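Text of the file model.csv, holding CSV, C-alpha atoms:
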```csv
chain,number,residue,atom,x,y,z
A,1,MET,CA,8.3,-14.8,-6.3
A,2,SER,CA,8.7,-11.4,-4.6
A,3,LEU,CA,11.0,-8.9,-6.4
A,4,PRO,CA,12.1,-5.4,-5.5
A,5,ILE,CA,10.6,-2.5,-7.5
A,6,LEU,CA,12.7,-2.6,-10.7
A,7,ASN,CA,13.9,0.2,-12.9
A,8,PRO,CA,12.9,-0.5,-16.5
A,9,GLY,CA,15.2,2.1,-18.0
A,10,PRO,CA,14.4,4.9,-20.5
A,11,ARG,CA,12.8,4.7,-23.9
A,12,LEU,CA,15.6,3.7,-26.2
A,13,LEU,CA,16.7,4.6,-29.7
A,14,ILE,CA,19.4,2.4,-31.2
A,15,GLY,CA,21.3,3.0,-34.4
A,16,ASP,CA,24.1,4.8,-36.1
A,17,GLY,CA,23.2,8.4,-36.7
A,18,ARG,CA,20.0,8.5,-34.7
A,19,SER,CA,20.9,11.1,-32.1
A,20,PRO,CA,19.2,14.1,-33.9
A,21,GLU,CA,15.9,12.3,-33.6
A,22,ILE,CA,15.6,13.3,-30.0
A,23,ALA,CA,14.9,16.9,-31.0
A,24,ALA,CA,11.4,15.8,-32.0
A,25,LEU,CA,10.9,14.1,-28.6
A,26,MET,CA,11.7,17.2,-26.5
A,27,PRO,CA,9.2,19.8,-25.3
A,28,ASP,CA,8.7,23.1,-27.1
A,29,GLY,CA,10.7,26.1,-25.7
A,30,PRO,CA,14.3,26.5,-24.8
A,31,ILE,CA,16.5,23.4,-24.2
A,32,LEU,CA,19.6,23.1,-22.1
A,33,VAL,CA,22.2,20.9,-23.8
A,34,VAL,CA,24.9,19.7,-21.4
A,35,THR,CA,28.2,18.5,-22.8
A,36,ASP,CA,32.0,19.0,-22.6
A,37,ASP,CA,34.6,20.8,-24.7
A,38,GLY,CA,35.9,17.6,-26.2
A,39,VAL,CA,32.6,16.6,-27.6
A,40,ARG,CA,32.0,20.1,-28.9
A,41,ARG,CA,35.5,20.3,-30.4
A,42,PHE,CA,35.1,17.1,-32.4
A,43,GLY,CA,31.7,18.2,-33.8
A,44,LEU,CA,29.9,15.1,-32.5
A,45,ILE,CA,27.0,17.2,-31.2
A,46,GLU,CA,26.5,19.5,-34.2
A,47,PRO,CA,23.9,17.4,-36.1
A,48,LEU,CA,21.7,17.4,-32.9
A,49,LEU,CA,22.2,21.1,-32.3
A,50,SER,CA,21.3,21.9,-35.9
A,51,GLU,CA,18.0,19.9,-35.6
A,52,LEU,CA,17.1,21.5,-32.2
A,53,ARG,CA,17.8,25.1,-33.5
A,54,ARG,CA,15.3,24.7,-36.3
A,55,THR,CA,12.5,25.1,-33.9
A,56,ARG,CA,13.7,26.5,-30.6
A,57,ASP,CA,16.4,28.3,-28.6
A,58,VAL,CA,19.3,26.1,-27.4
A,59,ILE,CA,21.5,26.9,-24.4
A,60,VAL,CA,24.7,24.9,-24.7
A,61,PHE,CA,26.6,24.4,-21.5
A,62,ASP,CA,29.9,22.8,-22.8
A,63,ARG,CA,32.1,23.3,-19.7
A,64,VAL,CA,31.5,20.0,-17.9
A,65,GLU,CA,34.6,19.0,-16.1
A,66,ALA,CA,36.0,15.4,-15.7
A,67,ASP,CA,34.8,14.4,-12.2
A,68,PRO,CA,32.4,17.4,-12.2
A,69,SER,CA,32.3,19.5,-9.0
A,70,ARG,CA,29.4,21.0,-7.1
A,71,ALA,CA,30.3,24.4,-8.5
A,72,ASN,CA,30.4,23.0,-12.1
A,73,LEU,CA,27.0,21.4,-11.7
A,74,LEU,CA,25.5,24.6,-10.2
A,75,GLU,CA,26.9,26.7,-13.1
A,76,ALA,CA,24.8,24.5,-15.5
A,77,VAL,CA,21.8,24.8,-13.3
A,78,ASP,CA,22.1,28.6,-13.1
A,79,GLU,CA,22.4,29.0,-16.9
A,80,GLY,CA,19.4,26.7,-17.5
A,81,ARG,CA,17.2,28.6,-14.9
A,82,ALA,CA,18.2,32.0,-16.3
A,83,ALA,CA,17.1,30.9,-19.8
A,84,GLY,CA,13.8,29.4,-18.6
A,85,VAL,CA,14.6,26.0,-20.2
A,86,GLY,CA,11.8,23.4,-20.4
A,87,GLY,CA,14.0,20.4,-21.0
A,88,VAL,CA,17.6,19.1,-20.7
A,89,ILE,CA,19.8,16.9,-23.0
A,90,GLY,CA,23.0,15.4,-21.7
A,91,PHE,CA,25.5,14.5,-24.5
A,92,GLY,CA,28.8,12.9,-23.8
A,93,GLY,CA,30.4,10.5,-21.3
A,94,GLY,CA,29.3,9.9,-17.7
A,95,SER,CA,30.2,13.4,-16.5
A,96,PRO,CA,28.0,15.4,-18.8
A,97,MET,CA,25.2,12.9,-18.4
A,98,ASP,CA,25.4,13.0,-14.6
A,99,VAL,CA,25.4,16.8,-14.6
A,100,ALA,CA,22.4,16.8,-17.0
A,101,LYS,CA,20.5,14.5,-14.8
A,102,LEU,CA,20.9,16.6,-11.7
A,103,ALA,CA,20.4,19.9,-13.6
A,104,ALA,CA,17.1,18.6,-14.9
A,105,TYR,CA,16.1,17.7,-11.4
A,106,LEU,CA,17.3,20.8,-9.6
A,107,ILE,CA,15.7,23.2,-12.2
A,108,GLY,CA,12.5,21.3,-12.2
A,109,SER,CA,12.1,20.7,-8.5
A,110,ALA,CA,13.8,23.7,-7.0
A,111,ASP,CA,15.2,21.4,-4.3
A,112,ALA,CA,18.6,22.2,-2.8
A,113,LEU,CA,21.4,19.9,-3.8
A,114,ASP,CA,22.4,19.1,-0.2
A,115,SER,CA,18.9,17.9,0.6
A,116,ILE,CA,19.0,15.0,-1.9
A,117,TRP,CA,22.3,13.2,-1.4
A,118,GLY,CA,21.8,9.5,-0.9
A,119,VAL,CA,19.1,7.0,-1.8
A,120,GLY,CA,15.5,8.0,-2.5
A,121,LEU,CA,15.6,11.6,-1.3
A,122,ALA,CA,15.0,13.2,-4.6
A,123,ARG,CA,11.2,13.0,-4.9
A,124,GLY,CA,10.3,16.2,-6.7
A,125,GLN,CA,9.5,16.9,-10.4
A,126,ARG,CA,12.3,17.1,-12.9
A,127,LEU,CA,12.3,18.6,-16.4
A,128,PRO,CA,12.0,16.3,-19.4
A,129,LEU,CA,15.4,14.7,-19.9
A,130,ALA,CA,17.2,12.9,-22.8
A,131,LEU,CA,20.7,11.4,-22.6
A,132,VAL,CA,23.1,10.5,-25.4
A,133,PRO,CA,26.3,8.6,-24.4
A,134,THR,CA,29.4,9.0,-26.5
A,135,THR,CA,31.4,6.3,-24.7
A,136,ALA,CA,30.5,2.7,-24.0
A,137,GLY,CA,31.0,2.4,-20.2
A,138,THR,CA,29.2,4.4,-17.6
A,139,GLY,CA,25.7,3.3,-18.4
A,140,SER,CA,24.5,6.6,-16.9
A,141,GLU,CA,21.8,6.8,-19.5
A,142,ALA,CA,20.2,3.8,-17.9
A,143,THR,CA,20.5,4.5,-14.2
A,144,PRO,CA,18.9,6.5,-11.4
A,145,VAL,CA,22.4,7.6,-10.1
A,146,ALA,CA,24.4,10.7,-10.6
A,147,VAL,CA,27.8,11.3,-8.9
A,148,ILE,CA,29.4,14.7,-8.1
A,149,THR,CA,32.8,15.5,-6.5
A,150,VAL,CA,32.3,17.6,-3.4
A,151,GLU,CA,34.6,19.2,-0.9
A,152,GLY,CA,37.6,17.1,0.2
A,153,ALA,CA,37.6,15.2,-3.1
A,154,GLU,CA,34.7,13.1,-1.9
A,155,LYS,CA,32.5,11.5,-4.6
A,156,ARG,CA,28.9,11.9,-3.5
A,157,GLY,CA,25.9,10.4,-5.2
A,158,VAL,CA,22.2,10.9,-5.7
A,159,ASN,CA,20.2,7.8,-6.3
A,160,SER,CA,16.5,8.2,-7.2
A,161,PRO,CA,14.2,6.8,-9.9
A,162,VAL,CA,13.4,10.4,-11.0
A,163,LEU,CA,16.9,10.7,-12.5
A,164,VAL,CA,16.2,8.0,-15.1
A,165,PRO,CA,15.8,9.8,-18.4
A,166,ASP,CA,12.8,9.8,-20.5
A,167,VAL,CA,14.7,8.8,-23.6
A,168,ALA,CA,18.3,7.7,-24.5
A,169,VAL,CA,20.0,7.1,-27.8
A,170,LEU,CA,22.7,4.5,-28.4
A,171,ASP,CA,24.3,5.9,-31.5
A,172,ALA,CA,27.5,3.9,-32.3
A,173,GLY,CA,28.7,6.5,-34.8
A,174,LEU,CA,29.4,8.8,-31.9
A,175,THR,CA,31.9,6.3,-30.4
A,176,LEU,CA,33.9,5.6,-33.5
A,177,GLY,CA,37.6,6.4,-33.4
A,178,LYS,CA,37.7,7.0,-29.6
A,179,PRO,CA,41.3,6.6,-28.2
A,180,ARG,CA,42.2,3.2,-27.1
A,181,ALA,CA,42.8,4.2,-23.5
A,182,LEU,CA,39.3,5.7,-23.3
A,183,THR,CA,37.7,2.7,-25.0
A,184,ALA,CA,39.5,0.4,-22.6
A,185,ALA,CA,38.7,2.2,-19.4
A,186,THR,CA,35.0,2.7,-20.2
A,187,GLY,CA,34.7,-0.9,-21.4
A,188,ILE,CA,36.2,-2.3,-18.2
A,189,ASP,CA,33.9,0.1,-16.2
A,190,ALA,CA,30.9,-1.5,-17.8
A,191,MET,CA,32.2,-5.0,-17.1
A,192,VAL,CA,32.6,-4.1,-13.5
A,193,HIS,CA,29.0,-2.9,-13.4
A,194,ALA,CA,27.8,-6.3,-14.7
A,195,ILE,CA,30.0,-8.3,-12.4
A,196,GLU,CA,29.1,-6.3,-9.2
A,197,ALA,CA,25.4,-6.3,-10.1
A,198,TYR,CA,25.5,-10.1,-10.4
A,199,THR,CA,26.8,-10.5,-6.9
A,200,SER,CA,25.1,-7.5,-5.2
A,201,ALA,CA,24.3,-8.5,-1.6
A,202,LYS,CA,21.2,-6.3,-1.2
A,203,ALA,CA,19.2,-6.5,-4.4
A,204,LYS,CA,20.5,-9.3,-6.7
A,205,ASN,CA,17.4,-10.6,-8.6
A,206,PRO,CA,16.6,-12.6,-11.7
A,207,ILE,CA,16.0,-9.5,-13.9
A,208,SER,CA,19.3,-7.9,-13.0
A,209,ASP,CA,21.1,-11.2,-13.4
A,210,MET,CA,19.8,-11.6,-16.9
A,211,GLN,CA,20.9,-8.1,-17.8
A,212,ALA,CA,24.3,-8.6,-16.2
A,213,ARG,CA,24.9,-11.9,-18.0
A,214,GLU,CA,24.1,-10.5,-21.5
A,215,ALA,CA,26.0,-7.3,-20.8
A,216,LEU,CA,29.1,-9.3,-19.9
A,217,ARG,CA,28.7,-11.5,-22.9
A,218,LEU,CA,28.6,-8.5,-25.3
A,219,LEU,CA,31.4,-6.6,-23.5
A,220,GLY,CA,33.8,-9.5,-23.1
A,221,ALA,CA,33.4,-10.6,-26.8
A,222,ASN,CA,33.9,-7.1,-28.2
A,223,LEU,CA,36.2,-5.1,-25.9
A,224,LEU,CA,39.5,-6.0,-27.6
A,225,THR,CA,38.0,-5.7,-31.0
A,226,ALA,CA,36.8,-2.2,-30.2
A,227,CYS,CA,40.3,-1.3,-28.9
A,228,ASP,CA,42.1,-2.8,-31.9
A,229,GLU,CA,39.7,-1.6,-34.6
A,230,PRO,CA,38.3,1.8,-33.5
A,231,GLY,CA,36.2,2.1,-36.6
A,232,ASN,CA,34.4,-1.2,-36.2
A,233,VAL,CA,30.8,-0.2,-36.1
A,234,ALA,CA,29.4,-3.6,-35.1
A,235,ALA,CA,31.9,-3.9,-32.1
A,236,ARG,CA,31.1,-0.3,-31.0
A,237,GLU,CA,27.4,-0.9,-31.2
A,238,ALA,CA,27.7,-4.2,-29.2
A,239,MET,CA,29.8,-2.3,-26.5
A,240,LEU,CA,27.2,0.5,-26.3
A,241,LEU,CA,24.4,-2.1,-25.8
A,242,GLY,CA,26.5,-4.0,-23.3
A,243,ALA,CA,27.2,-0.9,-21.3
A,244,HIS,CA,23.5,0.0,-21.3
A,245,LEU,CA,22.5,-3.4,-20.1
A,246,ALA,CA,25.1,-3.3,-17.4
A,247,GLY,CA,23.7,0.1,-16.4
A,248,LEU,CA,20.3,-1.4,-16.1
A,249,ALA,CA,21.7,-4.3,-14.1
A,250,PHE,CA,23.3,-2.1,-11.5
A,251,ALA,CA,20.3,0.2,-11.5
A,252,ASN,CA,18.4,-2.8,-10.2
A,253,ALA,CA,21.2,-4.4,-8.1
A,254,PRO,CA,23.7,-1.8,-7.0
A,255,VAL,CA,27.5,-1.9,-7.4
A,256,ALA,CA,29.8,-2.6,-4.5
A,257,GLY,CA,33.4,-2.9,-3.3
A,258,VAL,CA,35.3,-2.3,-6.5
A,259,HIS,CA,33.5,1.0,-7.1
A,260,ALA,CA,33.7,2.0,-3.4
A,261,LEU,CA,37.5,1.6,-3.5
A,262,ALA,CA,37.8,3.2,-7.0
A,263,TYR,CA,36.2,6.4,-6.0
A,264,PRO,CA,39.0,7.8,-3.9
A,265,LEU,CA,41.4,7.1,-6.7
A,266,GLY,CA,39.3,9.3,-9.0
A,267,GLY,CA,38.5,12.0,-6.4
A,268,ILE,CA,42.1,12.4,-5.1
A,269,HIS,CA,44.3,11.5,-8.1
A,270,HIS,CA,41.8,12.4,-10.8
A,271,LEU,CA,42.2,9.0,-12.6
A,272,PRO,CA,39.5,8.2,-15.1
A,273,HIS,CA,36.7,6.3,-13.3
A,274,GLY,CA,37.0,3.2,-15.5
A,275,LEU,CA,40.7,3.1,-15.0
A,276,SER,CA,40.2,3.3,-11.2
A,277,ASN,CA,37.8,0.4,-11.4
A,278,ALA,CA,40.3,-1.6,-13.4
A,279,LEU,CA,43.0,-1.0,-10.8
A,280,MET,CA,40.8,-2.3,-7.9
A,281,LEU,CA,39.1,-5.1,-9.8
A,282,ARG,CA,41.5,-8.0,-9.2
A,283,PRO,CA,42.1,-7.3,-5.5
A,284,VAL,CA,38.4,-7.0,-4.7
A,285,LEU,CA,37.3,-10.0,-6.8
A,286,SER,CA,40.0,-12.0,-5.0
A,287,PHE,CA,38.8,-10.8,-1.6
A,288,ASN,CA,35.2,-11.8,-2.5
A,289,ALA,CA,36.1,-15.1,-4.3
A,290,GLU,CA,35.1,-17.6,-1.6
A,291,ALA,CA,31.8,-15.9,-0.7
A,292,ALA,CA,30.9,-15.3,-4.3
A,293,ARG,CA,32.3,-18.6,-5.6
A,294,GLU,CA,29.2,-19.8,-7.4
A,295,PRO,CA,28.2,-16.6,-9.2
A,296,TYR,CA,31.8,-15.9,-10.1
A,297,ALA,CA,32.0,-19.4,-11.7
A,298,GLU,CA,28.8,-18.7,-13.7
A,299,LEU,CA,30.3,-15.4,-15.0
A,300,ALA,CA,33.6,-17.1,-15.8
A,301,ALA,CA,31.8,-19.4,-18.3
A,302,ILE,CA,30.6,-16.3,-20.1
A,303,LEU,CA,34.0,-14.9,-20.6
A,304,ASP,CA,35.7,-18.2,-21.2
A,305,PRO,CA,33.5,-21.2,-22.1
A,306,ALA,CA,36.1,-23.6,-21.0
A,307,ALA,CA,35.5,-22.5,-17.4
A,308,ALA,CA,32.2,-24.4,-17.5
A,309,GLU,CA,34.2,-27.6,-17.3
A,310,LEU,CA,36.0,-26.5,-14.1
A,311,GLY,CA,34.9,-26.8,-10.5
A,312,SER,CA,33.4,-23.7,-8.9
A,313,GLN,CA,36.5,-22.7,-7.1
A,314,ALA,CA,38.7,-23.0,-10.2
A,315,ALA,CA,36.1,-21.3,-12.3
A,316,ALA,CA,35.9,-18.4,-9.9
A,317,ALA,CA,39.7,-18.1,-10.1
A,318,ARG,CA,39.4,-18.2,-13.9
A,319,LEU,CA,37.0,-15.2,-13.8
A,320,ILE,CA,39.6,-13.1,-11.9
A,321,GLU,CA,42.4,-14.3,-14.3
A,322,ARG,CA,40.3,-13.5,-17.4
A,323,CYS,CA,39.4,-10.0,-16.2
A,324,GLU,CA,43.1,-9.3,-15.6
A,325,GLU,CA,43.9,-10.6,-19.1
A,326,LEU,CA,41.3,-8.2,-20.6
A,327,VAL,CA,42.6,-5.3,-18.5
A,328,GLN,CA,46.2,-5.9,-19.8
A,329,GLY,CA,45.1,-6.9,-23.3
A,330,CYS,CA,43.3,-3.6,-23.9
A,331,GLY,CA,46.4,-1.7,-22.8
A,332,LEU,CA,45.7,-0.5,-19.3
A,333,ALA,CA,48.5,-0.5,-16.7
A,334,PRO,CA,47.0,-2.6,-13.9
A,335,ARG,CA,48.9,-1.4,-10.8
A,336,LEU,CA,48.6,1.7,-8.6
A,337,ARG,CA,52.3,2.3,-8.8
A,338,ASP,CA,52.0,2.6,-12.6
A,339,HIS,CA,49.9,5.7,-12.0
A,340,GLY,CA,52.1,7.5,-9.4
A,341,ILE,CA,50.2,6.3,-6.4
A,342,GLY,CA,52.4,5.4,-3.4
A,343,ARG,CA,52.0,2.3,-1.3
A,344,ASP,CA,52.1,4.6,1.8
A,345,GLU,CA,48.8,6.2,0.6
A,346,ALA,CA,46.8,3.0,1.4
A,347,PRO,CA,45.7,4.1,4.9
A,348,MET,CA,44.4,7.5,3.7
A,349,LEU,CA,42.7,5.9,0.7
A,350,ALA,CA,41.1,3.3,3.0
A,351,ARG,CA,39.7,6.1,5.2
A,352,GLU,CA,38.2,7.8,2.2
A,353,ALA,CA,36.7,4.6,0.9
A,354,MET,CA,34.8,4.1,4.1
A,355,LYS,CA,32.7,7.2,3.1
A,356,GLN,CA,31.1,5.0,0.4
A,357,GLN,CA,28.9,3.0,2.7
A,358,ARG,CA,26.0,3.2,0.2
A,359,LEU,CA,28.2,1.0,-2.1
A,360,LEU,CA,30.0,-1.1,0.5
A,361,VAL,CA,26.8,-2.5,1.9
A,362,ASN,CA,26.3,-4.3,-1.5
A,363,ASN,CA,29.6,-6.2,-1.4
A,364,PRO,CA,29.3,-10.0,-0.9
A,365,VAL,CA,31.8,-9.7,2.0
A,366,PRO,CA,32.0,-6.8,4.4
A,367,ILE,CA,34.9,-4.5,3.8
A,368,GLY,CA,36.2,-2.6,6.8
A,369,GLU,CA,38.9,0.1,6.9
A,370,GLU,CA,41.7,-2.4,7.6
A,371,ASP,CA,40.4,-4.6,4.8
A,372,ALA,CA,40.4,-1.7,2.4
A,373,ARG,CA,44.0,-0.8,3.4
A,374,ARG,CA,45.2,-4.3,2.5
A,375,LEU,CA,43.3,-4.2,-0.8
A,376,TYR,CA,45.0,-1.0,-1.8
A,377,GLU,CA,48.3,-2.5,-0.9
A,378,ALA,CA,47.5,-5.6,-3.0
A,379,ALA,CA,46.7,-3.3,-5.9
A,380,TRP,CA,50.0,-1.5,-5.6
```
Represent the structure from my file as structure tokens, please.
Amino acid sequence: MSLPILNPGPRLLIGDGRSPEIAALMPDGPILVVTDDGVRRFGLIEPLLSELRRTRDVIVFDRVEADPSRANLLEAVDEGRAAGVGGVIGFGGGSPMDVAKLAAYLIGSADALDSIWGVGLARGQRLPLALVPTTAGTGSEATPVAVITVEGAEKRGVNSPVLVPDVAVLDAGLTLGKPRALTAATGIDAMVHAIEAYTSAKAKNPISDMQAREALRLLGANLLTACDEPGNVAAREAMLLGAHLAGLAFANAPVAGVHALAYPLGGIHHLPHGLSNALMLRPVLSFNAEAAREPYAELAAILDPAAAELGSQAAAARLIERCEELVQGCGLAPRLRDHGIGRDEAPMLAREAMKQQRLLVNNPVPIGEEDARRLYEAAW
């Protein structure tokens, strides 16, 4: 069997309260810690900062934006360079982790940002890097991908193995008590990672399939519990592990049409990324259903064991139905119109989605601009 070169992911620490342990795994000298004001305000990062400050200088960049911009990223890079940092820690959701990944690379390599957009173009040396997710969704701590919003509200990505961190911590205590809407959106995001990796047209393989199936099992079984019981440590830990496995799955078999059509919603309307994925999930799964009938049927049996008794077409339909039940059950409004997006925006959104060819090529069915327009209208 011939497989693509696979990403094994970072060294992993799992357990409630373990995030301060990464201080001992970072190099001597100043460390850049990248986070956002929400994480800082709630004190989640203080135990780690206290441990780091026992032995070294710490430069905290806590101004990461939602959907971070080029300017926001370069601010973090400039502060790290000015302090002569020898390592970077990203602490937070997908935005701080993506900024930390690129900051570690740009400081370490001295490459220009515009020279590394796309797949495999970042080949230089990055600084030592550790990531600590505080939400169970993006899986950024597992992946070689970082996404930044550039001019024109376009989401642009860097995909290179050098962005995979040296170490990541899955500390469920950091996710306790998160708002229901955030838990829901990030959880659906992780489920989309698993589903799209399982049907990725370019790189689907037995390893990513195994990761995607287990991710979907953990996420599907624990999403509603995590939403209904925000202090449930076991459910939160299962969601973190599921999100990490989904991240590994799409690191090895890239995501596709749902993400490609979700990106304009985030870039233009500033919707949370997970919510954008939830809005486009049903239309894109329905569009793919015939071409992806068999894998969708296999995934349906994970989310609803009764689907194993159905024929493949009915089971594939059950996957779409079950995903919609979970979206609504965790409290997300599932239509574009629920979020102030007009049906007349579909042509513009479709044009923007066509900029995401690195994702569209992975879809089980080609999605052209006219297809995308109809999918946005179906999501309205």
Counting all atoms listed in the file, which residues sit no farther than 12 Å from the position (21.2, 27.2, -16.1) in the file's frame? I'd like them as a ChimeraX atom specification. /A:30-34,58-62,72-88,99-100,102-108
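Taking CA of Ala221 in chain A and CA of Ile207 in chain A as the two end points, the separation is 21.7 Å.
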Residues near Gly173 in chain A, cut-off 10 Å, only C-alpha atoms, skip fewer than 2 positions along chain, as a PyMOL selection string: chain A and resi 15-19+44+134+170-171+175-177+231-233+236-237
Could you save those same residues with C-alpha atoms as a short mmCIF file (atom, residue, chain, number, x, y, z; two decimals), keeping the file's coordinate frame?
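In the end it all went to result.cif:
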```cif
data_model
loop_
_atom_site.label_atom_id
_atom_site.label_comp_id
_atom_site.auth_asym_id
_atom_site.auth_seq_id
_atom_site.Cartn_x
_atom_site.Cartn_y
_atom_site.Cartn_z
CA GLY A 15 21.30 3.00 -34.40
CA ASP A 16 24.10 4.80 -36.10
CA GLY A 17 23.20 8.40 -36.70
CA ARG A 18 20.00 8.50 -34.70
CA SER A 19 20.90 11.10 -32.10
CA LEU A 44 29.90 15.10 -32.50
CA THR A 134 29.40 9.00 -26.50
CA LEU A 170 22.70 4.50 -28.40
CA ASP A 171 24.30 5.90 -31.50
CA THR A 175 31.90 6.30 -30.40
CA LEU A 176 33.90 5.60 -33.50
CA GLY A 177 37.60 6.40 -33.40
CA GLY A 231 36.20 2.10 -36.60
CA ASN A 232 34.40 -1.20 -36.20
CA VAL A 233 30.80 -0.20 -36.10
CA ARG A 236 31.10 -0.30 -31.00
CA GLU A 237 27.40 -0.90 -31.20
#
```
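Distance annotation: of A:Leu13, A:Ala185, A:Leu299, A:His259, the residue with the minimal separation from Glu214 in chain A is A:Leu299; atom set is only C-alpha atoms.
Coordinates place CA of Ala226 in chain A at a distance of 22.7 Å from CA of Met280 in chain A.
Going from CA of Ser50 in chain A to CA of Ala24 in chain A covers 12.3 Å.
You can rank A:Thr138, A:Ser95, A:Ser312, A:Ser276 by their closest distance to Glu290 in chain A using all atoms listed in the file, and at the top of that list sits A:Ser312.
Counting all atoms listed in the file, Ile341 in chain A has the following residues at most 9 Å away, ignoring those fewer than 4 positions along the same chain: Leu265, His269, Arg335, Leu336, Arg337, Glu345 and Trp380 of chain A.
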Contact check, range 24-142 of chain A to range 189-195 of chain A, at most 9 Å, counting all atoms listed in the file, closest pairs as CSV:
```
residue,atom,partner,partner_atom,distance
A:Ala136,CA,A:Ala190,CA,7.5
A:Gly137,CA,A:Ala190,CA,4.6
A:Thr138,CA,A:Ala190,CA,6.1
A:Gly139,CA,A:Ala190,CA,7.1
```
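For Leu49 in chain A, the set of protein, DNA and RNA residues having any atom at most 9 Å away, when counting all atoms listed in the file and skipping those fewer than 2 positions along the same chain, is Pro20, Ala23, Val33, Ile45, Glu46, Pro47, Glu51, Leu52, Arg53, Arg54, Val58 and Val60 of chain A.
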Nearest residue to Ile320 in chain A from the set A:Leu129, A:Ala308, A:Asn363, A:Ala289 (distances using only C-alpha atoms): A:Ala289
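Of the listed residues A:Pro366, A:Asn7, A:Asn252, A:Lys355, the one whose atoms come nearest to Ala203 in chain A is A:Asn252, with distances taken using all atoms listed in the file.
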Restricting the calculation to all atoms listed in the file: of A:Thr183, A:Thr35, A:Asn205, A:Gln313, which residue gets closest to Ala235 in chain A? A:Thr183
Spatial neighbours of Leu359 in chain A, max dist 6 Å, only C-alpha atoms, sep filter under 2 positions, as a PyMOL selection string: chain A and resi 256+260+356-357+361-362
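Closest approach to Asp114 in chain A from the set A:Arg373, A:Arg343, A:Arg70, A:Arg213 is made by A:Arg70, with distances taken over only C-alpha atoms.
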